[in-house]
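Coordinates as given in query.cif (mmCIF, C-alpha atoms):
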data_query
#
loop_
_atom_site.label_atom_id
_atom_site.label_comp_id
_atom_site.auth_asym_id
_atom_site.auth_seq_id
_atom_site.Cartn_x
_atom_site.Cartn_y
_atom_site.Cartn_z
CA MET A 1 -14.52 -31.07 27.60
CA THR A 2 -13.31 -33.57 25.00
CA THR A 3 -14.37 -33.16 21.38
CA LEU A 4 -14.15 -36.00 18.89
CA VAL A 5 -13.31 -34.92 15.33
CA VAL A 6 -14.24 -37.97 13.29
CA CYS A 7 -13.71 -38.45 9.56
CA LEU A 8 -16.22 -40.92 8.10
CA ASP A 9 -15.39 -43.33 5.28
CA ARG A 10 -18.28 -45.70 4.66
CA THR A 11 -16.81 -47.68 1.74
CA ASP A 12 -13.34 -48.09 3.32
CA ASP A 13 -11.46 -46.27 0.57
CA VAL A 14 -8.63 -45.51 3.00
CA GLY A 15 -8.20 -49.14 3.98
CA ARG A 16 -8.25 -50.45 0.39
CA LYS A 17 -5.66 -47.93 -0.78
CA THR A 18 -3.29 -48.04 2.18
CA GLY A 19 -3.90 -51.47 3.70
CA LEU A 20 -4.44 -49.98 7.16
CA ARG A 21 -7.18 -51.01 9.53
CA SER A 22 -9.44 -48.43 11.10
CA PRO A 23 -9.95 -46.65 13.35
CA VAL A 24 -6.89 -44.44 12.96
CA VAL A 25 -6.66 -42.24 16.07
CA GLY A 26 -4.32 -39.40 16.91
CA TRP A 27 -2.84 -36.32 15.28
CA GLU A 28 0.38 -37.97 14.08
CA ALA A 29 -1.40 -41.11 12.87
CA VAL A 30 -3.90 -39.15 10.79
CA ARG A 31 -1.19 -36.87 9.39
CA ALA A 32 0.80 -39.93 8.30
CA LEU A 33 -2.37 -41.36 6.79
CA VAL A 34 -2.72 -38.24 4.65
CA THR A 35 0.65 -38.95 3.08
CA ASP A 36 -0.16 -42.61 2.47
CA VAL A 37 -3.54 -41.88 0.84
CA GLY A 38 -2.09 -39.04 -1.24
CA LEU A 39 0.72 -41.26 -2.58
CA ALA A 40 -1.73 -44.07 -3.35
CA ASP A 41 -4.26 -41.86 -5.17
CA PRO A 42 -3.49 -38.13 -5.51
CA GLU A 43 -6.86 -37.47 -7.14
CA ASP A 44 -8.89 -38.91 -4.26
CA SER A 45 -11.02 -36.37 -2.39
CA GLY A 46 -10.36 -38.33 0.78
CA VAL A 47 -7.04 -36.50 1.09
CA ASN A 48 -8.91 -33.23 1.41
CA THR A 49 -11.23 -34.77 3.99
CA LEU A 50 -8.31 -35.92 6.13
CA LEU A 51 -6.67 -32.51 5.90
CA GLU A 52 -9.95 -30.84 6.87
CA SER A 53 -10.15 -33.08 9.94
CA LEU A 54 -6.65 -32.01 10.98
CA ARG A 55 -7.50 -28.35 10.40
CA VAL A 56 -10.65 -28.52 12.53
CA ALA A 57 -8.75 -30.29 15.31
CA GLN A 58 -5.99 -27.68 15.20
CA ASN A 59 -8.49 -24.81 15.46
CA LEU A 60 -10.14 -26.41 18.46
CA ARG A 61 -6.76 -26.92 20.15
CA ASP A 62 -5.97 -23.27 19.60
CA GLU A 63 -9.15 -22.52 21.60
CA SER A 64 -7.80 -24.66 24.50
CA GLU A 65 -10.11 -27.61 23.93
CA GLU A 66 -9.18 -31.25 24.30
CA VAL A 67 -9.48 -32.81 20.87
CA VAL A 68 -9.30 -36.38 19.62
CA VAL A 69 -9.07 -36.75 15.84
CA ALA A 70 -9.93 -40.12 14.32
CA VAL A 71 -10.72 -41.78 11.00
CA VAL A 72 -13.50 -44.39 11.02
CA SER A 73 -14.02 -46.66 8.01
CA GLY A 74 -16.67 -49.16 7.13
CA ASP A 75 -16.65 -52.25 4.96
CA HIS A 76 -16.84 -52.35 1.16
CA GLU A 77 -18.57 -55.73 1.06
CA SER A 78 -22.09 -54.54 1.98
CA MET A 79 -23.71 -51.46 3.41
CA VAL A 80 -25.05 -53.32 6.44
CA SER A 81 -21.65 -54.66 7.41
CA ALA A 82 -20.11 -51.23 6.77
CA ASP A 83 -22.58 -49.50 9.08
CA ARG A 84 -22.09 -52.10 11.79
CA ALA A 85 -18.31 -51.78 11.54
CA VAL A 86 -18.56 -48.02 11.92
CA ALA A 87 -20.87 -48.45 14.93
CA GLU A 88 -18.42 -50.81 16.66
CA GLN A 89 -15.48 -48.46 16.06
CA LEU A 90 -17.45 -45.50 17.42
CA ASP A 91 -18.36 -47.48 20.53
CA ASP A 92 -14.66 -48.24 21.14
CA LEU A 93 -13.68 -44.59 20.67
CA ILE A 94 -16.39 -43.36 23.02
CA ALA A 95 -15.45 -45.95 25.64
CA ASP A 96 -11.74 -45.02 25.47
CA TYR A 97 -11.92 -41.22 25.28
CA GLU A 98 -15.44 -40.39 26.61
CA PRO A 99 -16.06 -37.36 24.36
CA GLU A 100 -18.88 -34.99 25.21
CA SER A 101 -19.46 -33.90 21.60
CA ALA A 102 -18.36 -34.72 18.08
CA ILE A 103 -17.67 -32.92 14.82
CA VAL A 104 -18.25 -35.03 11.71
CA VAL A 105 -16.23 -34.49 8.52
CA THR A 106 -17.47 -36.06 5.26
CA ASP A 107 -16.92 -35.65 1.53
CA SER A 108 -19.92 -37.38 -0.06
CA ALA A 109 -23.61 -38.08 0.39
CA GLU A 110 -22.75 -41.74 0.93
CA ASP A 111 -20.68 -40.91 4.00
CA GLU A 112 -23.37 -38.57 5.36
CA ARG A 113 -25.66 -41.56 5.83
CA LEU A 114 -23.45 -42.52 8.78
CA ILE A 115 -24.32 -39.34 10.66
CA PRO A 116 -27.39 -40.88 12.41
CA ILE A 117 -25.12 -43.63 13.76
CA VAL A 118 -22.83 -41.00 15.27
CA GLU A 119 -25.75 -38.97 16.64
CA SER A 120 -27.15 -42.05 18.39
CA ARG A 121 -23.96 -42.33 20.47
CA VAL A 122 -22.67 -38.81 21.06
CA ARG A 123 -23.92 -35.26 20.58
CA VAL A 124 -22.98 -33.91 17.14
CA ASP A 125 -22.19 -30.18 17.23
CA SER A 126 -21.30 -29.72 13.56
CA VAL A 127 -21.14 -31.52 10.22
CA ASP A 128 -18.30 -30.36 7.96
CA ARG A 129 -18.82 -31.37 4.36
CA VAL A 130 -15.76 -31.11 2.12
CA VAL A 131 -16.30 -30.28 -1.56
CA VAL A 132 -13.36 -29.96 -3.94
CA ARG A 133 -13.22 -26.33 -5.05
CA GLN A 134 -12.57 -27.06 -8.73
CA ALA A 135 -15.76 -29.15 -8.95
CA ARG A 136 -17.94 -27.40 -6.37
CA ASP A 137 -20.86 -26.62 -8.69
CA ILE A 138 -20.88 -30.03 -10.33
CA GLU A 139 -20.55 -31.80 -6.98
CA SER A 140 -23.31 -29.79 -5.34
CA THR A 141 -25.66 -30.28 -8.31
CA TYR A 142 -25.03 -34.00 -8.25
CA TYR A 143 -25.84 -34.26 -4.55
CA LEU A 144 -28.97 -32.16 -4.93
CA LEU A 145 -30.23 -34.28 -7.81
CA LYS A 146 -29.45 -37.44 -5.90
CA GLN A 147 -31.36 -36.29 -2.82
CA PHE A 148 -34.22 -35.08 -5.03
CA LEU A 149 -34.55 -38.43 -6.76
CA ALA A 150 -34.41 -40.22 -3.41
CA ASP A 151 -37.50 -38.35 -2.16
CA GLU A 152 -40.61 -40.23 -3.31
CA GLU A 153 -43.02 -37.35 -2.67
CA LEU A 154 -40.95 -34.90 -4.70
CA ARG A 155 -40.69 -37.37 -7.56
CA GLN A 156 -44.46 -37.79 -7.69
CA THR A 157 -45.08 -34.05 -7.43
CA VAL A 158 -42.59 -32.89 -10.09
CA LEU A 159 -41.56 -35.75 -12.36
CA VAL A 160 -45.04 -37.23 -12.87
CA PRO A 161 -46.63 -33.96 -14.18
CA ILE A 162 -43.61 -33.32 -16.43
CA GLY A 163 -43.79 -36.85 -17.84
CA LEU A 164 -47.52 -36.62 -18.48
CA THR A 165 -47.05 -33.25 -20.18
CA LEU A 166 -44.40 -34.64 -22.51
CA LEU A 167 -46.66 -37.55 -23.39
CA VAL A 168 -49.94 -35.67 -23.83
CA PHE A 169 -48.70 -32.58 -25.67
CA PRO A 170 -47.73 -34.40 -28.92
CA LEU A 171 -51.14 -36.07 -29.02
CA LEU A 172 -52.99 -32.79 -28.51
CA ALA A 173 -50.76 -30.96 -30.97
CA THR A 174 -51.57 -33.43 -33.72
CA THR A 175 -55.32 -33.59 -33.01
CA VAL A 176 -56.51 -30.14 -31.90
CA GLY A 177 -53.49 -27.98 -32.71
CA PRO A 178 -50.43 -26.79 -30.78
CA ALA A 179 -52.09 -23.68 -29.33
CA THR A 180 -55.14 -25.51 -28.00
CA GLY A 181 -52.99 -28.34 -26.66
CA ALA A 182 -50.63 -25.94 -24.88
CA ALA A 183 -53.61 -24.06 -23.39
CA ALA A 184 -55.20 -27.28 -22.13
CA ILE A 185 -51.96 -28.53 -20.60
CA THR A 186 -51.27 -25.17 -18.96
CA THR A 187 -54.77 -25.17 -17.45
CA VAL A 188 -54.31 -28.65 -16.04
CA ILE A 189 -50.90 -27.79 -14.59
CA GLY A 190 -52.31 -24.62 -13.04
CA LEU A 191 -55.16 -26.55 -11.41
CA PHE A 192 -52.69 -29.13 -10.12
CA LEU A 193 -50.46 -26.44 -8.61
CA LEU A 194 -53.46 -24.81 -6.91
CA TYR A 195 -54.56 -28.24 -5.68
CA LYS A 196 -51.16 -28.85 -4.06
CA GLY A 197 -50.66 -25.26 -2.98
CA PHE A 198 -53.90 -25.07 -0.98
CA ASN A 199 -53.40 -28.61 0.44
CA VAL A 200 -56.71 -29.74 -0.99
CA ASP A 201 -55.60 -33.38 -0.76
CA GLU A 202 -54.94 -33.07 2.97
CA ILE A 203 -58.25 -31.27 3.51
CA LEU A 204 -60.17 -33.98 1.65
CA ALA A 205 -58.36 -36.74 3.52
CA ARG A 206 -59.09 -35.05 6.87
CA LEU A 207 -62.74 -34.55 5.90
CA ALA A 208 -63.10 -38.19 4.90
CA HIS A 209 -61.50 -39.31 8.16
CA GLN A 210 -63.78 -37.08 10.24
CA THR A 211 -66.84 -38.29 8.33
CA GLN A 212 -65.85 -41.91 8.89
CA GLU A 213 -65.33 -41.33 12.61
CA SER A 214 -68.67 -39.52 12.86
CA LEU A 215 -70.51 -42.37 11.13
CA TYR A 216 -68.89 -45.04 13.30
CA SER A 217 -69.39 -43.11 16.54
CA GLY A 218 -73.08 -42.39 15.81
CA GLN A 219 -72.91 -38.62 16.16
CA VAL A 220 -76.11 -36.63 15.73
CA SER A 221 -74.29 -33.98 13.73
CA VAL A 222 -74.00 -36.33 10.74
CA VAL A 223 -77.77 -36.23 10.25
CA THR A 224 -78.05 -32.51 10.97
CA TYR A 225 -75.27 -31.73 8.50
CA VAL A 226 -77.16 -33.58 5.77
CA VAL A 227 -80.36 -31.70 6.66
CA ALA A 228 -78.40 -28.43 6.69
CA ALA A 229 -77.02 -29.18 3.24
CA GLY A 230 -80.54 -29.80 1.96
CA LEU A 231 -81.81 -26.55 3.48
CA THR A 232 -78.86 -24.72 1.92
CA PHE A 233 -79.78 -26.01 -1.54
CA VAL A 234 -83.39 -24.99 -0.94
CA GLY A 235 -82.27 -21.50 0.08
CA LEU A 236 -80.11 -21.14 -3.03
CA PHE A 237 -82.98 -22.34 -5.20
CA VAL A 238 -85.44 -19.91 -3.58
CA GLY A 239 -82.96 -17.07 -3.97
CA ALA A 240 -82.48 -17.91 -7.64
CA LEU A 241 -86.27 -17.90 -8.15
CA GLY A 242 -86.47 -14.50 -6.51
CA VAL A 243 -83.79 -13.15 -8.84
CA SER A 244 -85.63 -14.54 -11.87
CA ASN A 245 -88.79 -12.66 -10.82
CA VAL A 246 -86.97 -9.35 -10.75
CA GLY A 247 -87.05 -9.10 -14.54
CA GLU A 248 -84.84 -6.90 -16.67
CA THR A 249 -83.27 -4.82 -13.91
CA PRO A 250 -80.05 -2.98 -14.81
CA GLY A 251 -77.05 -3.72 -12.64
CA VAL A 252 -76.44 -6.49 -10.12
CA VAL A 253 -77.26 -4.70 -6.85
CA ILE A 254 -81.02 -5.30 -6.91
CA PRO A 255 -80.78 -8.97 -7.99
CA ALA A 256 -78.10 -9.66 -5.36
CA THR A 257 -80.20 -7.96 -2.67
CA ARG A 258 -83.27 -9.93 -3.74
CA PHE A 259 -81.29 -13.15 -3.61
CA ALA A 260 -80.13 -12.38 -0.05
CA PHE A 261 -83.67 -11.37 1.03
CA ASP A 262 -85.26 -14.61 -0.22
CA SER A 263 -82.51 -17.07 0.67
CA ILE A 264 -81.43 -15.84 4.11
CA PRO A 265 -84.30 -17.56 6.06
CA TRP A 266 -83.43 -20.96 4.60
CA LEU A 267 -79.71 -20.43 5.03
CA ALA A 268 -80.27 -19.39 8.65
CA MET A 269 -82.33 -22.55 9.27
CA ALA A 270 -79.51 -24.61 7.73
CA ALA A 271 -76.93 -22.98 10.02
CA LEU A 272 -79.20 -23.46 13.05
CA THR A 273 -79.71 -27.14 12.20
CA ALA A 274 -75.97 -27.75 11.84
CA SER A 275 -75.17 -25.89 15.07
CA ALA A 276 -77.94 -27.74 16.92
CA GLY A 277 -76.47 -31.08 15.90
CA ARG A 278 -72.99 -30.03 17.00
CA LEU A 279 -74.44 -28.78 20.29
CA LEU A 280 -76.20 -32.11 20.88
CA ASP A 281 -72.93 -33.97 20.27
CA GLU A 282 -71.22 -31.76 22.83
CA ALA A 283 -74.05 -32.35 25.32
CA ILE A 284 -73.96 -36.13 24.85
CA SER A 285 -70.17 -36.36 25.24
CA ASP A 286 -68.47 -36.48 28.63
CA GLU A 287 -66.64 -33.21 28.09
CA PRO A 288 -68.32 -29.92 29.12
CA ILE A 289 -70.01 -27.83 26.45
CA ARG A 290 -67.85 -25.01 25.20
CA THR A 291 -69.19 -21.46 25.31
CA SER A 292 -68.74 -20.98 21.57
CA PHE A 293 -71.22 -23.77 20.77
CA LEU A 294 -73.77 -22.30 23.18
CA ASN A 295 -73.53 -18.83 21.66
CA LEU A 296 -73.44 -19.93 18.00
CA PRO A 297 -77.24 -20.35 17.42
CA PHE A 298 -77.95 -16.87 18.77
CA ILE A 299 -75.24 -15.36 16.57
CA VAL A 300 -76.74 -17.10 13.51
CA VAL A 301 -80.20 -15.69 14.28
CA ALA A 302 -78.83 -12.20 14.91
CA VAL A 303 -76.80 -12.12 11.67
CA SER A 304 -79.74 -13.42 9.63
CA LEU A 305 -82.00 -10.73 11.09
CA VAL A 306 -79.51 -8.00 10.19
CA VAL A 307 -79.10 -9.28 6.62
CA ARG A 308 -82.85 -9.67 6.21
CA GLY A 309 -83.50 -6.18 7.55
CA PHE A 310 -80.96 -4.40 5.34
CA SER A 311 -82.00 -6.31 2.22
CA ALA A 312 -85.67 -5.49 2.92
CA TYR A 313 -84.78 -1.82 3.41
CA PHE A 314 -83.01 -1.54 0.04
CA LEU A 315 -85.74 -3.48 -1.80
CA GLU A 316 -88.49 -1.36 -0.30
CA GLN A 317 -86.65 1.80 -1.27
CA GLN A 318 -86.68 0.56 -4.89
CA ASP A 319 -90.36 -0.53 -4.66
CA ALA A 320 -89.33 -4.14 -5.22
CA ILE A 321 -91.35 -5.35 -2.19
CA GLU A 322 -94.47 -4.09 -0.45
CA PRO A 323 -94.27 -2.26 2.91
CA PHE A 324 -94.75 -4.38 5.99
CA ILE A 325 -98.37 -4.20 7.25
CA VAL A 326 -98.94 -4.61 10.99
CA PRO A 327 -102.43 -6.06 11.50
CA ALA A 328 -104.80 -4.89 14.23
CA HIS A 329 -104.41 -6.71 17.55
CA THR A 330 -106.10 -6.57 20.92
CA LEU A 331 -104.37 -7.98 24.00
CA TRP A 332 -106.22 -7.38 27.25
CA VAL A 333 -106.25 -3.60 27.66
CA LEU A 334 -103.73 -3.03 24.86
CA SER A 335 -104.82 -2.68 21.24
CA ASN A 336 -103.49 -1.26 17.99
CA GLU A 337 -104.93 -0.40 14.66
CA ARG A 338 -103.75 -1.69 11.33
CA PHE A 339 -100.85 0.37 9.97
CA ALA A 340 -97.98 0.17 7.47
CA MET A 341 -94.44 0.15 8.83
CA GLY A 342 -91.92 2.27 6.95
CA ALA A 343 -88.61 1.00 5.59
CA GLY A 344 -86.57 2.75 8.28
CA GLN A 345 -88.83 1.47 11.05
CA ARG A 346 -88.58 -2.07 9.72
CA LEU A 347 -84.76 -1.82 9.58
CA ALA A 348 -84.60 -0.44 13.12
CA LEU A 349 -86.86 -3.26 14.36
CA PHE A 350 -84.68 -5.94 12.77
CA VAL A 351 -81.42 -4.41 14.06
CA ILE A 352 -82.74 -3.95 17.61
CA THR A 353 -84.08 -7.52 17.63
CA ALA A 354 -80.70 -8.84 16.42
CA ILE A 355 -78.86 -6.96 19.17
CA VAL A 356 -81.27 -8.27 21.81
CA VAL A 357 -80.90 -11.85 20.54
CA SER A 358 -77.08 -11.62 20.59
CA LEU A 359 -77.09 -10.19 24.12
CA VAL A 360 -79.43 -12.92 25.32
CA GLY A 361 -77.19 -15.56 23.77
CA ALA A 362 -74.09 -14.11 25.41
CA ARG A 363 -75.88 -13.95 28.76
CA ILE A 364 -77.11 -17.54 28.56
CA ALA A 365 -73.67 -18.82 27.50
CA SER A 366 -71.91 -16.96 30.30
CA SER A 367 -74.43 -18.11 32.93
CA LEU A 368 -74.16 -21.75 31.89
CA SER A 369 -70.37 -21.46 31.84
CA GLY A 370 -70.43 -19.96 35.36
CA GLN A 371 -72.64 -22.79 36.63
CA ARG A 372 -70.25 -25.32 35.13
CA ASP A 373 -67.28 -23.68 36.89
CA ASP A 374 -69.17 -23.73 40.20
CA LEU A 375 -69.91 -27.44 39.76
CA ASP A 376 -66.25 -28.15 38.97
CA ARG A 377 -65.10 -26.33 42.09
CA ALA A 378 -67.69 -28.15 44.19
CA ASP A 379 -66.47 -31.51 42.82
CA GLY A 380 -62.93 -30.81 44.01
CA GLY A 381 -61.49 -28.50 41.39
CA ALA A 382 -60.77 -25.83 44.05
CA PRO A 383 -60.65 -25.84 47.85
CA SER A 384 -64.16 -25.83 49.30
CA ASP A 385 -65.22 -24.19 52.56
CA THR A 386 -65.83 -27.33 54.64
CA GLY A 387 -65.75 -27.90 58.35
CA ALA A 388 -62.45 -29.75 58.13
CA ASP A 389 -60.87 -26.71 56.55
CA ARG A 390 -62.29 -24.34 59.16
CA GLU A 391 -61.22 -26.46 62.14
CA PRO A 392 -57.47 -25.63 62.00
CA GLU A 393 -58.27 -21.90 61.78
CA ALA A 394 -60.54 -22.07 64.83
CA THR A 395 -57.89 -24.01 66.78
CA ALA A 396 -55.24 -21.49 65.89
CA ASP A 397 -57.42 -18.57 66.96
CA ALA A 398 -58.33 -20.23 70.26
CA THR A 399 -54.74 -20.94 71.28
CA GLY A 400 -53.57 -17.52 70.14
CA THR A 401 -50.64 -18.93 68.19
CA PRO A 402 -49.79 -18.28 64.52
CA ASP A 403 -51.51 -20.42 61.91
CA SER A 404 -48.25 -21.88 60.58
CA GLU A 405 -47.14 -23.47 63.87
CA PRO A 406 -50.25 -25.59 64.55
CA ALA A 407 -50.24 -26.65 60.91
CA ALA A 408 -46.67 -27.87 61.29
CA ASP A 409 -47.47 -29.70 64.57
CA ARG A 410 -50.46 -31.43 63.03
CA THR A 411 -48.49 -32.79 60.05
CA ASP A 412 -48.71 -36.56 60.00
CA PRO A 413 -45.28 -38.03 59.10
CA GLU A 414 -46.89 -41.02 57.39
CA LEU A 415 -48.82 -38.76 55.01
CA THR A 416 -45.79 -36.76 53.85
CA ASP A 417 -43.49 -37.60 50.95
CA GLY A 418 -40.35 -37.73 53.06
CA GLY A 419 -39.18 -34.22 52.10
CA ALA A 420 -37.14 -31.77 54.09
CA ASP A 421 -40.15 -30.31 55.87
CA ALA A 422 -41.28 -33.67 57.14
CA GLY A 423 -37.82 -34.49 58.44
CA THR A 424 -37.58 -31.14 60.19
CA ASN A 425 -40.89 -31.63 61.95
CA LEU A 426 -39.89 -35.11 63.10
CA ASP A 427 -36.57 -33.90 64.45
CA SER A 428 -38.14 -30.99 66.30
CA SER A 429 -40.79 -33.25 67.86
CA GLU A 430 -38.12 -35.72 69.03
CA GLU A 431 -36.02 -32.97 70.58
CA HIS A 432 -38.94 -31.58 72.62
CA THR A 433 -40.11 -35.01 73.83
CA PRO A 434 -39.25 -35.40 77.55
#
Step by step, read the file and then write its structure as structure tokens.
Amino acid sequence: MTTLVVCLDRTDDVGRKTGLRSPVVGWEAVRALVTDVGLADPEDSGVNTLLESLRVAQNLRDESEEVVVAVVSGDHESMVSADRAVAEQLDDLIADYEPESAIVVTDSAEDERLIPIVESRVRVDSVDRVVVRQARDIESTYYLLKQFLADEELRQTVLVPIGLTLLVFPLLATTVGPATGAAAITTVIGLFLLYKGFNVDEILARLAHQTQESLYSGQVSVVTYVVAAGLTFVGLFVGALGVSNVGETPGVVIPATRFAFDSIPWLAMAALTASAGRLLDEAISDEPIRTSFLNLPFIVVAVSLVVRGFSAYFLEQQDAIEPFIVPAHTLWVLSNERFAMGAGQRLALFVITAIVVSLVGARIASSLSGQRDDLDRADGGAPSDTGADREPEATADATGTPDSEPAADRTDPELTDGGADAGTNLDSSEEHTP
């Protein structure tokens, strides 16, 4: 395994200071280059980069690895020519030494832009970045600020709000006062942070894209969603009217219960309308209807019955609504007299009905899903019990031989993929041919 330890110099500082042409390959050549660069410019951080390359190569040799250390330089005329020069030198090194991996040594963010060029030609196991110890904090801060300013999204997220704050605060301080201005700016910044933190922009963009696709594709759910929104507003309005009729009732329990009692039928109709539209879209599409969409309408009805029953129970206990009166009915031989149903009986009736509705929905969804699976298997999703499949079994039973041997004899060589089994069967048939 050969490892290439390559020191990158994009702006060709080594060549300008020493007059040498790159690439410089080999332990002795790089060690001599360290002396030349150090004598030309002792303050250059490139000396430390060259020494780090030698140190990494020495450590790898101590671990019994084959190492090739090299210095690759670009061109100081333009960045395009520099990158192309580095690419050509790397191609020559890879062709001559055929390394399986590379370790890149750099000393600046400018040189790190060459790393994708190296990665496109050989696997990079490590990137060793050399920072002069006396200026580590300053160097690191500089690189972080440079990368931060190079990111457009970060600039818009951080610098734009700060700039607007610095511009708006003096105007607000002179017009409405410093305290009011600071409070207004803080509120805006808080809303902006919540907007970005909850990814509201992505949610709105996704919603707009889905709405556009639904409109262009002619989905039924677009209309049902609009109807559901209208029914939701009606339910909220009816619930608000019910709360206003309560009067001066202490606390919020009774008004909230009244709101749920009056609004839940309309909200349930809105949910049923939306789910019906989504179910129609699933039925119209080529894909099979998922079980969750089949069971959703029944779940909506069951939940609305439970909420309606409990809210009616609490309101009747507080004499906010009248007891439920069952009128007299006669059906064939069955008849009942008019009677008033108690609060507990009404609650039990609603809960039992909700449980029955949910069970019926689960049963219908499971039965339709089972029928769909049966149709898929009949269409070829799973092996079917046909006469062609039963014929080999009958032949094997009649001859009294194992099932595997007739199956092997009946294998058509032209229908196989040329694997080992096919070749074995052909050879065995040729050997037994008289």
Nearby residues (only C-alpha atoms) at most 10 Å from stretch 67-81 of chain A, same-chain spacing under 3 positions excluded, as number ranges by chain: A: 1-16, 21-30, 33, 49-50, 53-54, 56-61, 64, 84-90, 93, 97, 99, 102-103, 105, 111, 114
Between atom CA of A:Ala228 and atom CA of A:Phe298 - distance in Å to one decimal: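 Distance reported for this atom pair: 16.7 Å.
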Best match for closeness to A:Asp125 among A:Asp107, A:Glu100, A:Leu305, A:Gln317, counting all atoms listed in the file: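 For A:Asp125, the nearest of the given residues is A:Glu100.
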Residue among A:Pro250, A:Pro116, A:Gly235, A:Gly361 lying closest to A:Thr291, counting only C-alpha atoms: A:Gly361
Distance of atom CA of A:Ala320 from atom CA of A:Val243, expressed in Å to one decimal place: 11.2 Å
Given all atoms listed in the file as the counted atoms, nearest of A:Val246, A:Leu171, A:Leu51, A:Leu204 to A:Val130: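 Selected residue with least distance to A:Val130: A:Leu51.
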Using all atoms listed in the file: which of A:Arg290, A:Arg278, A:Lys17, A:Arg338 has the shortest distance to A:Asp41: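 Of the candidates, the smallest distance to A:Asp41 is held by A:Lys17.
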Step by step, gather every atom of stretch 327-346 of chain A that the file lists, find the box along x, y and z that holds them, add 8 Å on each side, and finally give centre and edge lengths in Å to one decimal, as JSON.
{"center_x": -96.4, "center_y": -2.6, "center_z": 16.6, "size_x": 35.7, "size_y": 26.7, "size_z": 38.1}
d(atom CA of A:Ala343, atom CA of A:Glu316) in Å: 6.3 Å
Expected selection from the PyMOL selection byres ((chain A and resi 155-165) around 10), given as number ranges by chain: A: 148-154, 166-170, 182, 185-186, 188-189, 192-193, 196
Residue contacts of A:Gly344 (12 Å, only C-alpha atoms) excluding same-chain residues fewer than 3 positions away, as a short mmCIF file (atom, residue, chain, number, x, y, z; two decimals) with C-alpha atoms, in the coordinates of the input:
data_model
loop_
_atom_site.label_atom_id
_atom_site.label_comp_id
_atom_site.auth_asym_id
_atom_site.auth_seq_id
_atom_site.Cartn_x
_atom_site.Cartn_y
_atom_site.Cartn_z
CA GLY A 309 -83.50 -6.18 7.55
CA PHE A 310 -80.96 -4.40 5.34
CA SER A 311 -82.00 -6.31 2.22
CA ALA A 312 -85.67 -5.49 2.92
CA TYR A 313 -84.78 -1.82 3.41
CA PHE A 314 -83.01 -1.54 0.04
CA LEU A 315 -85.74 -3.48 -1.80
CA GLU A 316 -88.49 -1.36 -0.30
CA GLN A 317 -86.65 1.80 -1.27
CA PRO A 323 -94.27 -2.26 2.91
CA PHE A 324 -94.75 -4.38 5.99
CA ALA A 340 -97.98 0.17 7.47
CA MET A 341 -94.44 0.15 8.83
CA LEU A 347 -84.76 -1.82 9.58
CA ALA A 348 -84.60 -0.44 13.12
CA LEU A 349 -86.86 -3.26 14.36
CA PHE A 350 -84.68 -5.94 12.77
CA VAL A 351 -81.42 -4.41 14.06
#
Best match for closeness to A:Glu110 among A:Lys146, A:Val124, A:Asp92, A:His209, counting all atoms listed in the file: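 Smallest distance to A:Glu110 is found for A:Lys146.
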Non-local contacts of A:Leu236 (8 Å; all atoms listed in the file; under 4 positions in same chain excluded) as a list in words: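 Skipping anything fewer than 4 positions along the chain leaves Thr232, Ala240 and Ser263 of chain A.
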